[in-house]
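File shown: entry.cif (mmCIF, C-alpha atoms and all ligand atoms).
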data_final
#
loop_
_atom_site.label_atom_id
_atom_site.label_comp_id
_atom_site.auth_asym_id
_atom_site.auth_seq_id
_atom_site.Cartn_x
_atom_site.Cartn_y
_atom_site.Cartn_z
CA MET R 168 94.18 61.27 61.73
CA ARG R 169 96.58 58.32 61.53
CA MET R 170 97.47 56.48 64.74
CA ARG R 171 98.89 53.22 65.98
CA ALA R 172 96.48 50.67 67.43
CA ALA R 173 96.40 46.97 68.37
CA VAL R 174 93.84 45.32 66.11
CA LEU R 175 92.18 41.96 66.77
CA GLU R 176 92.04 40.67 63.20
CA GLU R 177 91.01 37.08 63.91
CA PHE R 178 89.95 35.27 67.08
CA GLY R 179 92.70 33.19 68.63
CA GLN R 180 95.45 35.11 66.82
CA PRO R 181 97.86 37.66 68.34
CA LEU R 182 96.80 41.30 68.05
CA LYS R 183 98.50 43.22 65.22
CA VAL R 184 99.83 46.66 66.04
CA GLN R 185 99.50 48.88 62.97
CA GLU R 186 98.56 52.34 61.71
CA ILE R 187 94.86 52.95 61.16
CA GLU R 188 92.59 55.98 60.72
CA LEU R 189 90.64 57.70 63.48
CA GLU R 190 87.99 60.20 62.42
CA GLU R 191 87.17 63.47 64.18
CA PRO R 192 84.81 63.42 67.17
CA ARG R 193 81.19 64.13 66.21
CA ALA R 194 78.47 65.72 68.36
CA GLY R 195 78.68 64.59 71.98
CA GLU R 196 82.01 62.86 71.35
CA VAL R 197 85.54 63.48 72.59
CA LEU R 198 89.00 62.74 71.20
CA VAL R 199 91.28 61.36 73.92
CA ARG R 200 95.05 60.83 73.71
CA LEU R 201 95.73 57.69 75.74
CA ALA R 202 98.54 57.83 78.30
CA ALA R 203 98.08 54.42 79.96
CA CYS R 204 95.87 51.36 79.58
CA GLY R 205 95.52 48.20 81.65
CA VAL R 206 95.33 44.75 80.06
CA CYS R 207 92.26 42.92 81.39
CA HIS R 208 90.77 39.40 81.20
CA THR R 209 87.86 40.72 79.17
CA ASP R 210 90.25 41.78 76.39
CA LEU R 211 91.76 38.30 76.34
CA TYR R 212 88.32 36.65 76.56
CA THR R 213 87.27 38.43 73.37
CA ALA R 214 90.64 37.93 71.65
CA SER R 215 90.44 34.18 72.29
CA GLY R 216 87.04 33.89 70.59
CA ALA R 217 85.40 32.49 73.75
CA ASP R 218 83.03 35.47 74.04
CA PRO R 219 79.91 34.61 72.01
CA SER R 220 79.15 38.31 71.45
CA GLY R 221 82.70 39.17 70.34
CA TYR R 222 83.47 40.67 66.93
CA ALA R 223 86.53 41.27 64.73
CA PRO R 224 88.23 43.28 63.42
CA THR R 225 88.22 45.55 66.43
CA VAL R 226 90.67 47.57 68.51
CA LEU R 227 90.64 45.98 71.99
CA GLY R 228 91.35 47.67 75.34
CA HIS R 229 88.98 49.30 77.83
CA GLU R 230 91.05 50.32 80.87
CA GLY R 231 92.31 53.63 79.61
CA ALA R 232 93.41 56.95 81.07
CA GLY R 233 94.47 59.96 79.05
CA VAL R 234 94.01 63.58 78.08
CA VAL R 235 91.20 65.28 76.16
CA GLU R 236 92.58 66.58 72.85
CA LYS R 237 89.42 67.79 71.15
CA VAL R 238 85.69 67.94 71.88
CA GLY R 239 82.78 67.59 69.47
CA GLU R 240 79.75 69.83 69.22
CA GLY R 241 77.61 70.06 72.34
CA VAL R 242 80.16 68.56 74.72
CA ALA R 243 79.60 70.48 77.94
CA ASP R 244 81.39 68.69 80.76
CA LEU R 245 84.82 68.15 79.25
CA ALA R 246 87.41 70.52 77.80
CA VAL R 247 90.76 70.19 76.05
CA GLY R 248 93.45 69.24 78.56
CA ASP R 249 91.16 67.45 81.04
CA HIS R 250 92.44 64.15 82.40
CA VAL R 251 89.96 61.30 81.97
CA VAL R 252 89.39 57.63 82.73
CA THR R 253 87.44 55.61 80.15
CA LEU R 254 84.14 54.01 81.15
CA PHE R 255 82.91 50.84 79.47
CA SER R 256 79.93 51.42 81.77
CA PRO R 257 78.74 54.96 80.87
CA GLN R 258 76.58 57.38 82.83
CA CYS R 259 74.24 59.60 80.80
CA ARG R 260 72.63 61.09 83.94
CA GLU R 261 69.24 61.12 82.16
CA CYS R 262 67.94 57.57 81.64
CA ILE R 263 65.65 55.85 84.13
CA HIS R 264 68.57 53.85 85.56
CA CYS R 265 70.92 56.83 85.83
CA LEU R 266 68.23 58.71 87.74
CA ASP R 267 67.81 55.84 90.22
CA PRO R 268 70.38 55.46 93.01
CA ARG R 269 69.95 51.66 93.02
CA THR R 270 71.84 50.94 89.80
CA ASN R 271 74.69 52.04 87.53
CA LEU R 272 73.41 50.21 84.45
CA CYS R 273 72.96 53.20 82.12
CA LEU R 274 70.61 52.44 79.23
CA ALA R 275 71.61 55.28 76.91
CA ILE R 276 73.98 53.55 74.49
CA ARG R 277 73.86 49.85 75.37
CA THR R 278 72.60 48.51 72.06
CA GLU R 279 75.06 50.35 69.83
CA GLN R 280 77.94 49.80 72.24
CA ASN R 281 77.31 46.05 72.22
CA LEU R 282 77.51 46.15 68.43
CA GLY R 283 80.87 47.94 68.53
CA HIS R 284 79.43 51.25 67.38
CA LEU R 285 79.49 54.74 68.81
CA PRO R 286 76.04 56.01 69.88
CA ASP R 287 75.07 57.24 66.38
CA GLY R 288 75.49 53.72 65.01
CA SER R 289 78.75 54.31 63.11
CA THR R 290 82.47 53.91 63.84
CA ARG R 291 85.32 56.45 63.91
CA LEU R 292 87.93 53.73 63.39
CA ARG R 293 88.73 52.98 59.74
CA ARG R 294 91.21 51.12 57.62
CA ASP R 295 91.28 51.34 53.83
CA GLY R 296 87.80 52.82 53.86
CA GLU R 297 86.33 49.98 55.97
CA GLY R 298 84.99 50.60 59.47
CA ILE R 299 86.67 48.87 62.41
CA ARG R 300 84.51 48.34 65.48
CA HIS R 301 85.02 49.93 68.90
CA PHE R 302 85.49 47.38 71.69
CA MET R 303 83.28 47.98 74.76
CA GLY R 304 82.82 51.52 73.51
CA CYS R 305 86.48 52.20 74.42
CA SER R 306 89.16 50.70 72.09
CA THR R 307 92.02 51.96 74.24
CA PHE R 308 94.85 49.74 72.95
CA ALA R 309 95.59 52.73 70.72
CA GLU R 310 97.34 56.07 70.82
CA TYR R 311 93.99 57.87 70.57
CA THR R 312 90.32 57.06 70.89
CA VAL R 313 87.02 58.80 70.23
CA MET R 314 84.37 58.15 72.88
CA PRO R 315 81.06 59.65 73.89
CA GLU R 316 81.32 62.28 76.61
CA ILE R 317 79.02 60.17 78.83
CA ALA R 318 81.66 57.41 78.88
CA LEU R 319 84.51 59.51 80.26
CA ALA R 320 85.16 60.35 83.92
CA LYS R 321 87.06 63.57 84.54
CA ILE R 322 89.70 62.98 87.22
CA ASP R 323 92.15 65.01 89.26
CA PRO R 324 95.21 65.69 87.06
CA ALA R 325 97.42 64.94 90.05
CA ALA R 326 96.74 61.20 89.60
CA PRO R 327 99.45 59.39 87.60
CA PHE R 328 97.87 57.82 84.51
CA GLU R 329 99.43 54.39 85.15
CA HIS R 330 97.48 54.20 88.41
CA ALA R 331 94.38 56.06 87.27
CA CYS R 332 93.73 53.59 84.43
CA LEU R 333 93.19 50.77 86.91
CA PHE R 334 90.06 52.58 88.10
CA ALA R 335 88.56 52.04 84.63
CA CYS R 336 87.61 48.43 85.41
CA GLY R 337 88.77 45.84 87.93
CA LEU R 338 89.80 48.06 90.83
CA SER R 339 86.59 50.13 90.82
CA THR R 340 84.61 46.89 90.40
CA GLY R 341 86.07 45.43 93.58
CA LEU R 342 85.93 48.65 95.59
CA GLY R 343 82.37 49.32 94.44
CA ALA R 344 81.20 45.77 95.20
CA ALA R 345 82.02 46.44 98.86
CA ILE R 346 81.14 50.15 99.03
CA ASN R 347 78.01 50.29 96.81
CA THR R 348 76.55 46.85 96.16
CA ALA R 349 77.07 45.30 99.59
CA ALA R 350 77.41 48.62 101.45
CA VAL R 351 79.48 46.80 104.08
CA GLU R 352 78.81 48.03 107.61
CA PRO R 353 81.51 48.82 110.17
CA GLY R 354 82.49 46.06 112.58
CA THR R 355 81.38 43.22 110.32
CA THR R 356 83.06 40.08 109.00
CA CYS R 357 83.73 39.79 105.26
CA VAL R 358 85.08 36.99 103.09
CA VAL R 359 86.54 37.72 99.66
CA PHE R 360 87.03 34.81 97.24
CA GLY R 361 89.75 35.58 94.71
CA ALA R 362 92.71 37.95 95.08
CA GLY R 363 93.06 39.24 91.54
CA MET R 364 92.42 42.88 90.67
CA VAL R 365 88.71 42.61 91.54
CA GLY R 366 89.11 40.64 94.78
CA LEU R 367 91.93 42.86 96.03
CA GLY R 368 89.77 45.89 95.29
CA ALA R 369 86.96 44.28 97.30
CA VAL R 370 89.34 43.70 100.22
CA ALA R 371 90.32 47.39 100.10
CA GLY R 372 86.63 48.37 99.87
CA CYS R 373 85.74 46.27 102.94
CA ARG R 374 88.58 47.96 104.84
CA LEU R 375 87.42 51.44 103.80
CA GLN R 376 83.92 50.56 105.01
CA GLY R 377 85.31 49.68 108.45
CA ALA R 378 84.92 45.88 108.40
CA GLU R 379 86.47 44.26 111.48
CA ARG R 380 87.50 40.95 109.91
CA ILE R 381 88.39 40.49 106.25
CA ILE R 382 89.18 36.91 105.26
CA CYS R 383 90.63 36.55 101.76
CA VAL R 384 90.68 33.18 99.94
CA ASP R 385 92.86 32.43 96.92
CA LEU R 386 94.99 29.60 95.54
CA SER R 387 98.14 31.71 95.45
CA ALA R 388 100.08 32.49 98.64
CA GLU R 389 101.72 35.38 96.82
CA ARG R 390 98.38 37.00 96.01
CA LEU R 391 97.18 36.44 99.58
CA GLU R 392 100.21 38.45 100.71
CA LEU R 393 98.98 41.30 98.51
CA ALA R 394 95.55 40.91 100.12
CA ARG R 395 97.16 41.45 103.54
CA GLY R 396 98.63 44.66 102.18
CA GLN R 397 95.12 45.82 101.20
CA GLY R 398 93.68 45.10 104.65
CA ALA R 399 92.87 41.37 104.83
CA THR R 400 93.07 40.31 108.47
CA GLU R 401 93.13 36.57 107.66
CA THR R 402 93.93 34.54 104.55
CA MET R 403 93.17 31.01 103.38
CA ILE R 404 94.29 28.84 100.51
CA GLY R 405 91.06 27.84 98.72
CA GLY R 406 89.92 24.25 98.32
CA GLU R 407 87.00 21.83 98.65
CA ASP R 408 86.71 22.54 102.37
CA THR R 409 86.81 26.36 102.23
CA VAL R 410 83.21 26.71 103.45
CA GLU R 411 83.78 24.45 106.47
CA ARG R 412 86.90 26.40 107.39
CA ILE R 413 85.04 29.70 107.15
CA LEU R 414 82.18 28.39 109.27
CA GLU R 415 84.72 27.18 111.83
CA ALA R 416 86.38 30.58 111.88
CA THR R 417 83.05 32.38 112.41
CA GLY R 418 81.47 30.45 115.27
CA GLY R 419 79.58 28.17 112.89
CA PHE R 420 77.59 30.98 111.27
CA GLY R 421 79.53 32.31 108.30
CA ALA R 422 80.28 35.88 107.30
CA ASP R 423 78.07 38.97 107.19
CA TYR R 424 79.29 39.65 103.65
CA THR R 425 80.94 37.42 101.07
CA PHE R 426 82.35 38.46 97.70
CA GLU R 427 83.07 36.26 94.71
CA ALA R 428 85.79 37.52 92.36
CA THR R 429 86.99 34.40 90.54
CA GLY R 430 84.41 33.88 87.78
CA LEU R 431 84.08 30.21 88.78
CA VAL R 432 80.53 29.02 89.46
CA GLY R 433 81.79 26.47 92.00
CA VAL R 434 83.37 29.28 94.00
CA MET R 435 80.19 31.36 93.66
CA GLY R 436 78.39 28.44 95.36
CA GLN R 437 80.96 28.48 98.17
CA ALA R 438 80.50 32.23 98.56
CA VAL R 439 76.74 31.73 99.00
CA GLU R 440 77.25 28.95 101.56
CA ALA R 441 79.83 30.98 103.47
CA ALA R 442 77.34 33.83 103.97
CA ARG R 443 75.71 33.92 107.37
CA MET R 444 72.18 32.69 107.91
CA ALA R 445 69.61 35.41 108.69
CA TRP R 446 71.33 38.29 106.87
CA GLY R 447 74.47 37.17 105.03
CA LEU R 448 74.85 38.87 101.66
CA CYS R 449 76.84 37.25 98.85
CA THR R 450 77.97 39.67 96.13
CA VAL R 451 78.94 38.05 92.83
CA ALA R 452 81.39 40.08 90.71
CA GLY R 453 83.04 37.30 88.70
CA VAL R 454 81.89 36.66 85.14
CA ALA R 455 81.08 32.97 84.57
CA GLY R 456 81.76 31.10 81.35
CA ARG R 457 79.19 30.88 78.60
CA GLY R 458 76.19 28.71 79.51
CA GLU R 459 77.31 28.04 83.08
CA THR R 460 74.75 28.22 85.88
CA LEU R 461 74.92 28.81 89.61
CA ASP R 462 73.53 25.96 91.69
CA VAL R 463 72.05 27.10 95.01
CA VAL R 464 70.05 25.07 97.56
CA PRO R 465 66.90 27.23 98.09
CA ARG R 466 66.96 26.52 101.84
CA LEU R 467 70.00 28.78 102.05
CA LEU R 468 67.84 31.67 100.82
CA ILE R 469 64.79 30.86 102.97
CA THR R 470 67.05 31.06 105.99
CA GLY R 471 68.02 34.60 105.15
CA ARG R 472 71.02 34.58 102.87
CA ARG R 473 70.87 36.91 99.88
CA ILE R 474 72.73 37.03 96.59
CA ALA R 475 73.50 40.20 94.63
CA GLY R 476 75.30 40.66 91.34
CA SER R 477 77.57 43.63 90.76
CA SER R 478 78.55 45.12 87.42
CA PHE R 479 81.43 47.60 87.62
CA GLY R 480 80.84 47.57 91.38
CA GLY R 481 77.60 49.49 90.97
CA VAL R 482 79.81 52.52 90.30
CA LYS R 483 78.15 55.40 88.46
CA GLY R 484 81.31 56.19 86.55
CA ARG R 485 81.28 59.94 85.93
CA ASP R 486 80.22 60.70 89.48
CA GLN R 487 82.07 58.07 91.45
CA VAL R 488 85.32 57.20 89.63
CA PRO R 489 86.65 60.73 90.34
CA VAL R 490 85.78 60.23 94.03
CA LEU R 491 87.62 56.89 94.16
CA VAL R 492 90.63 58.54 92.50
CA GLU R 493 90.53 61.28 95.18
CA ARG R 494 90.51 58.63 97.90
CA TYR R 495 93.56 57.07 96.26
CA LEU R 496 95.30 60.47 96.13
CA ALA R 497 94.44 60.98 99.81
CA GLY R 498 96.36 57.78 100.60
CA GLU R 499 93.33 55.60 101.36
CA ILE R 500 93.93 53.12 98.53
CA ASP R 501 97.37 51.69 97.77
CA VAL R 502 97.40 51.19 93.99
CA GLU R 503 101.11 50.67 93.28
CA PRO R 504 101.16 46.92 94.23
CA PHE R 505 98.62 46.22 91.45
CA LEU R 506 100.85 47.60 88.70
CA SER R 507 103.02 44.59 87.96
CA HIS R 508 104.42 45.22 84.49
CA ARG R 509 104.84 48.30 82.32
CA LEU R 510 104.63 47.55 78.60
CA ARG R 511 104.71 49.40 75.29
CA LEU R 512 101.80 49.08 72.87
CA ASP R 513 103.97 46.86 70.63
CA ASP R 514 104.18 44.33 73.49
CA VAL R 515 100.43 44.08 74.06
CA ASN R 516 100.44 40.33 73.33
CA ARG R 517 103.06 39.93 76.06
CA GLY R 518 100.43 41.43 78.39
CA PHE R 519 98.12 38.53 77.52
CA GLU R 520 100.91 35.98 78.12
CA LEU R 521 101.68 37.46 81.54
CA MET R 522 97.98 37.32 82.42
CA GLU R 523 97.67 33.71 81.35
CA ALA R 524 100.71 32.85 83.46
CA GLN R 525 99.11 34.76 86.41
CA ASP R 526 102.31 36.81 86.53
CA GLY R 527 101.37 39.90 88.51
CA ILE R 528 98.00 41.58 88.95
CA ARG R 529 97.95 44.04 86.05
CA SER R 530 100.16 44.86 83.09
CA VAL R 531 99.79 48.47 82.01
CA ILE R 532 100.58 49.77 78.54
CA GLU R 533 102.22 53.17 78.63
CA PHE R 534 102.16 55.50 75.67
CA ALA R 535 104.98 57.91 74.99
N1 LIG O 601 81.46 42.52 87.37
C1 LIG O 601 82.26 43.27 86.63
O1 LIG O 601 81.89 44.35 86.19
C2 LIG O 601 83.64 42.77 86.35
C3 LIG O 601 84.65 43.67 85.96
C4 LIG O 601 85.95 43.16 85.79
C5 LIG O 601 86.20 41.81 85.96
N2 LIG O 601 85.18 40.97 86.32
C6 LIG O 601 85.38 39.53 86.55
O2 LIG O 601 85.86 39.35 87.86
C7 LIG O 601 86.59 38.14 87.93
C8 LIG O 601 87.93 38.41 88.57
O3 LIG O 601 88.71 39.26 87.75
P1 LIG O 601 90.27 39.45 88.08
O4 LIG O 601 90.81 40.39 87.09
O5 LIG O 601 90.44 39.77 89.52
O6 LIG O 601 90.77 37.95 87.77
P2 LIG O 601 92.06 37.12 88.23
O7 LIG O 601 92.10 35.92 87.37
O8 LIG O 601 93.25 37.99 88.30
O9 LIG O 601 91.72 36.67 89.71
C9 LIG O 601 90.97 35.54 90.02
C10 LIG O 601 91.57 34.91 91.27
O10 LIG O 601 90.76 33.81 91.69
C11 LIG O 601 91.61 32.87 92.28
N3 LIG O 601 90.95 31.56 92.39
C12 LIG O 601 90.84 30.58 91.47
N4 LIG O 601 90.21 29.51 91.99
C13 LIG O 601 89.92 29.82 93.28
C14 LIG O 601 89.29 29.10 94.32
N5 LIG O 601 88.83 27.87 94.17
N6 LIG O 601 89.16 29.75 95.52
C15 LIG O 601 89.62 31.00 95.70
N7 LIG O 601 90.23 31.70 94.73
C16 LIG O 601 90.39 31.12 93.55
C17 LIG O 601 92.82 32.87 91.36
O11 LIG O 601 93.96 32.32 92.02
C18 LIG O 601 92.98 34.35 91.05
O12 LIG O 601 93.90 34.99 91.92
C19 LIG O 601 86.65 37.62 86.50
O13 LIG O 601 85.63 36.66 86.34
C20 LIG O 601 86.39 38.85 85.68
O14 LIG O 601 85.85 38.52 84.41
C21 LIG O 601 83.93 41.43 86.53
ZN ZN O 602 88.44 45.07 82.41
ZN ZN O 603 71.92 56.61 81.66
#

Turn this file's structure into structure tokens for me.
Ligand SMILES: NC(=O)c1ccc[n+]([C@@H]2O[C@H](COP(=O)([O-])OP(=O)(O)OC[C@H]3O[C@@H](n4cnc5c(N)ncnc54)[C@H](O)[C@@H]3O)[C@@H](O)[C@H]2O)c1
Ligand SMILES: [Zn+2]
Ligand SMILES: [Zn+2]
Amino acid sequence: MRMRAAVLEEFGQPLKVQEIELEEPRAGEVLVRLAACGVCHTDLYTASGADPSGYAPTVLGHEGAGVVEKVGEGVADLAVGDHVVTLFSPQCRECIHCLDPRTNLCLAIRTEQNLGHLPDGSTRLRRDGEGIRHFMGCSTFAEYTVMPEIALAKIDPAAPFEHACLFACGLSTGLGAAINTAAVEPGTTCVVFGAGMVGLGAVAGCRLQGAERIICVDLSAERLELARGQGATETMIGGEDTVERILEATGGFGADYTFEATGLVGVMGQAVEAARMAWGLCTVAGVAGRGETLDVVPRLLITGRRIAGSSFGGVKGRDQVPVLVERYLAGEIDVEPFLSHRLRLDDVNRGFELMEAQDGIRSVIEFA
């Protein structure tokens, strides 16, 4: 079929919206008509050329929500008309990691996905007979996409797509960092560094887990206001002395749980130091720049602090994204404040500009 899609032709250049070909879903694959898609830093990171593993041409986008239009042979869990959220982090339910409750890092299609291929090693996207690669296994800056069944979460059709799509990446990452990775306990003190989509999700996750104090740190007073709305009990403008101020606010000890959601290694260091001695757990969700390293004084670890990394919040997507969406529908998670701008596919580059200007939390592309 022919469809419109935003193609990254060359790194550092604006995406070009154009008609390209999408082939039929093969065995285990599903055709999805996109209804909404968030614009995320990872899309921009690849578009800019900064990502060493990036490739072009490709159709960017990975925060999609839409409707199943057609299923390939052997697809058992999805049917035409189902509402789905796309998963850059799939869940095959069979690999050694999927079978283990400790991780969400499914091994089934990693290699091909990293190459921009569907699991059988080929692409469904084409232009003039040439294959175009699938970004993060999703390519959702497009009217339609073909994805493996294991990379789609079936959600309650009552959820509006413009909100549901945010669960495809940053929001679930933040929520999951608190709920799964840290498994925050009730009555505890948490510090969240960064109040973007991921940090705000972490604040909401800490609240849902019953934390007593949630201190959010950011450079923007406006974003800290949003953090209050998600359940932060205290806020701080970040700086050189953030750790001292957190220690002061916690009787000299630091927090039971800290979360890093900025992607800055300096802030990751602060998040480690702000974790309490004896049992403080620092969860790192931010993605650092290429080649950067995290500098930690080992004494901090000997005296009981721990560091954990969290990819997609440890969320096993097919099982847990639908549950998070249910919690949102039940009124436990306030998603509307994250949706800052509604755009058309033709304005996708505007989404990048708004992100670079830190204007709002998320721009969402809506399809007719
Ligand atoms: N682990 C995952 O699976 C995953 C998924 C999505 C995004 N991410 C990463 O998470 C990070 C956050 O993503 P986002 O969409 O929320 O980004 P964002 O840019 O919207 O938010 C980052 C926030 O950090 C704040 N900040 C900057 N310097 C600070 C400082 N010194 N102290 C405190 N706050 C400071 C900024 O003001 C901003 O509000 C990024 O690195 C992103 O790549 C990770
Ligand atoms: Zn994303
Ligand atoms: Zn798996």

Please build the interface table for chain R against ligand LIG 601 (chain O) with a cut-off of 7 Å, listing for each qualifying residue the nearest atom pair and the distance in Å to one decimal; count only C-alpha atoms and all ligand atoms, order rows by chain and increasing number, and write it as a tab-separated table.
residue	atom	partner	partner_atom	distance
R:Cys207	CA	O:LIG601	O4	6.4
R:His208	CA	O:LIG601	O14	5.9
R:Thr209	CA	O:LIG601	O14	6.0
R:Cys336	CA	O:LIG601	C4	5.5
R:Gly337	CA	O:LIG601	C4	4.4
R:Thr340	CA	O:LIG601	C3	5.5
R:Phe360	CA	O:LIG601	C15	4.9
R:Gly361	CA	O:LIG601	O10	3.6
R:Ala362	CA	O:LIG601	O12	4.5
R:Gly363	CA	O:LIG601	O5	3.4
R:Met364	CA	O:LIG601	O5	3.9
R:Val365	CA	O:LIG601	O5	3.9
R:Gly366	CA	O:LIG601	O5	5.5
R:Val384	CA	O:LIG601	C15	4.9
R:Asp385	CA	O:LIG601	N7	3.5
R:Leu386	CA	O:LIG601	O11	4.6
R:Ser387	CA	O:LIG601	O11	5.4
R:Arg390	CA	O:LIG601	O12	6.4
R:Gly405	CA	O:LIG601	N6	4.2
R:Gly406	CA	O:LIG601	N5	5.6
R:Ala428	CA	O:LIG601	C8	4.4
R:Thr429	CA	O:LIG601	O10	4.0
R:Gly430	CA	O:LIG601	O13	3.4
R:Leu431	CA	O:LIG601	N4	7.0
R:Val434	CA	O:LIG601	N5	5.6
R:Ala452	CA	O:LIG601	N1	4.1
R:Gly453	CA	O:LIG601	O13	3.6
R:Val454	CA	O:LIG601	O13	3.9
R:Ala455	CA	O:LIG601	O13	6.1
R:Ser477	CA	O:LIG601	N1	5.3
R:Ser478	CA	O:LIG601	O1	3.6
R:Phe479	CA	O:LIG601	O1	3.6
R:Gly480	CA	O:LIG601	O1	6.2
R:Gln525	CA	O:LIG601	O8	7.0
R:Ile528	CA	O:LIG601	O8	6.0

Show me which residues are within 6 Å of ligand ZN 603 (chain O) counting all atoms listed in the file, and format the list as a CSV table (one decimal) with C-alpha atoms, in the frame of the given file.
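As a result, result.csv now contains:
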chain,number,residue,atom,x,y,z
R,258,GLN,CA,76.6,57.4,82.8
R,259,CYS,CA,74.2,59.6,80.8
R,260,ARG,CA,72.6,61.1,83.9
R,261,GLU,CA,69.2,61.1,82.2
R,262,CYS,CA,67.9,57.6,81.6
R,264,HIS,CA,68.6,53.8,85.6
R,265,CYS,CA,70.9,56.8,85.8
R,273,CYS,CA,73.0,53.2,82.1
R,274,LEU,CA,70.6,52.4,79.2
R,275,ALA,CA,71.6,55.3,76.9

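CA of Gly298 in chain R sits 14.6 Å away from CA of Gln280 in chain R.
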
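Between ligand ZN 602 (chain O) and the candidates R:Asp210, R:Glu407, R:Glu177, R:Glu186, the tightest atom-to-atom separation, counting all atoms listed in the file, involves R:Asp210.
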
What are the nearest atom pairs, with distances in Å to one decimal, for all residues of range 320-361 of chain R that come at most 10 Å from range 228-234 of chain R, using all atoms listed in the file, set out by chain and rising residue number as JSON lines?
{"residue": "R:Ala320", "atom": "CA", "partner": "R:Ala232", "partner_atom": "CA", "distance": 9.4}
{"residue": "R:Lys321", "atom": "CA", "partner": "R:Val234", "partner_atom": "CA", "distance": 9.5}
{"residue": "R:Ile322", "atom": "CA", "partner": "R:Ala232", "partner_atom": "CA", "distance": 9.4}
{"residue": "R:Pro324", "atom": "CA", "partner": "R:Val234", "partner_atom": "CA", "distance": 9.3}
{"residue": "R:Pro327", "atom": "CA", "partner": "R:Ala232", "partner_atom": "CA", "distance": 9.2}
{"residue": "R:Phe328", "atom": "CA", "partner": "R:Ala232", "partner_atom": "CA", "distance": 5.7}
{"residue": "R:Glu329", "atom": "CA", "partner": "R:Ala232", "partner_atom": "CA", "distance": 7.7}
{"residue": "R:His330", "atom": "CA", "partner": "R:Ala232", "partner_atom": "CA", "distance": 8.8}
{"residue": "R:Ala331", "atom": "CA", "partner": "R:Ala232", "partner_atom": "CA", "distance": 6.3}
{"residue": "R:Cys332", "atom": "CA", "partner": "R:Ala232", "partner_atom": "CA", "distance": 4.8}
{"residue": "R:Leu333", "atom": "CA", "partner": "R:Glu230", "partner_atom": "CA", "distance": 6.4}
{"residue": "R:Phe334", "atom": "CA", "partner": "R:Glu230", "partner_atom": "CA", "distance": 7.6}
{"residue": "R:Ala335", "atom": "CA", "partner": "R:Glu230", "partner_atom": "CA", "distance": 4.8}
{"residue": "R:Cys336", "atom": "CA", "partner": "R:Glu230", "partner_atom": "CA", "distance": 6.0}
{"residue": "R:Gly337", "atom": "CA", "partner": "R:Glu230", "partner_atom": "CA", "distance": 8.7}

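Across R:Val531, R:Ala445, R:Ile381, R:Val464, the tightest approach to ligand ZN 602 (chain O) is made by R:Val531 when counting all atoms listed in the file.
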
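Compared by their closest atoms to ligand ZN 602 (chain O), and using all atoms listed in the file, the residues R:Ala326, R:Ala378, R:Leu198, R:Met303 rank with R:Met303 nearest.
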
Emit as JSON the padded axis-aligned box for all listed atoms of range 377-380 of chain R, 5 Å per side, with centre and edge lengths in Å to one decimal.
{"center_x": 86.2, "center_y": 45.3, "center_z": 109.9, "size_x": 12.6, "size_y": 18.7, "size_z": 13.1}

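Proximity to ligand ZN 602 (chain O) was assessed for R:Leu175, R:Cys305, R:Leu189, R:Val184 counting only C-alpha atoms and all ligand atoms; the smallest distance is recorded for R:Cys305.
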
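With all atoms listed in the file as the atoms that count, the minimum distance from ligand ZN 602 (chain O) to the choices R:Ser215, R:Ser289, R:Ser306, R:Ser507 is reached by R:Ser306.
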
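Between Val492 in chain R and the candidates R:Ile276, R:Val410, R:Leu342, R:Ala223, the tightest atom-to-atom separation, counting all atoms listed in the file, involves R:Leu342.
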
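Within 7 Å of range 422-426 of chain R, once only C-alpha atoms are used and residues closer than 2 positions along the same chain are dropped, the contacting residues are Thr355, Thr356, Cys357, Val358, Val359, Phe360, Thr417, Phe420, Ala428, Ala438, Ala441, Ala442, Arg443, Trp446, Gly447, Leu448, Cys449, Thr450 and Val451 of chain R.
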
| note | Here CA of Gly518 in chain R and CA of Ala214 in chain R stand apart by 12.4 Å

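Non-sequential neighbours of Arg169 in chain R (distance at most 12 Å, separation of 5 or more positions within a chain, only C-alpha atoms) are Gln185, Glu186, Ile187, Glu188, Leu189, Glu190, Glu191, Arg291, Leu292, Arg293, Arg294, Asp295, Ala309, Glu310, Tyr311 and Thr312 of chain R.
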
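Residues in contact range of Leu512 in chain R, defined as at most 8 Å between only C-alpha atoms, with sequence neighbours fewer than 6 positions away removed, read Ala172, Ala173, Val184, Phe308, Ala309, Ile532, Glu533 and Phe534 of chain R.
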
| request: List the residues sitting within 10 Å of (81.2, 46.0, 70.7) in the file's frame, using all atoms listed in the file, as a count of residues only. | output: 23

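Between CA of Arg171 in chain R and CA of Ser339 in chain R the separation is 27.9 Å.
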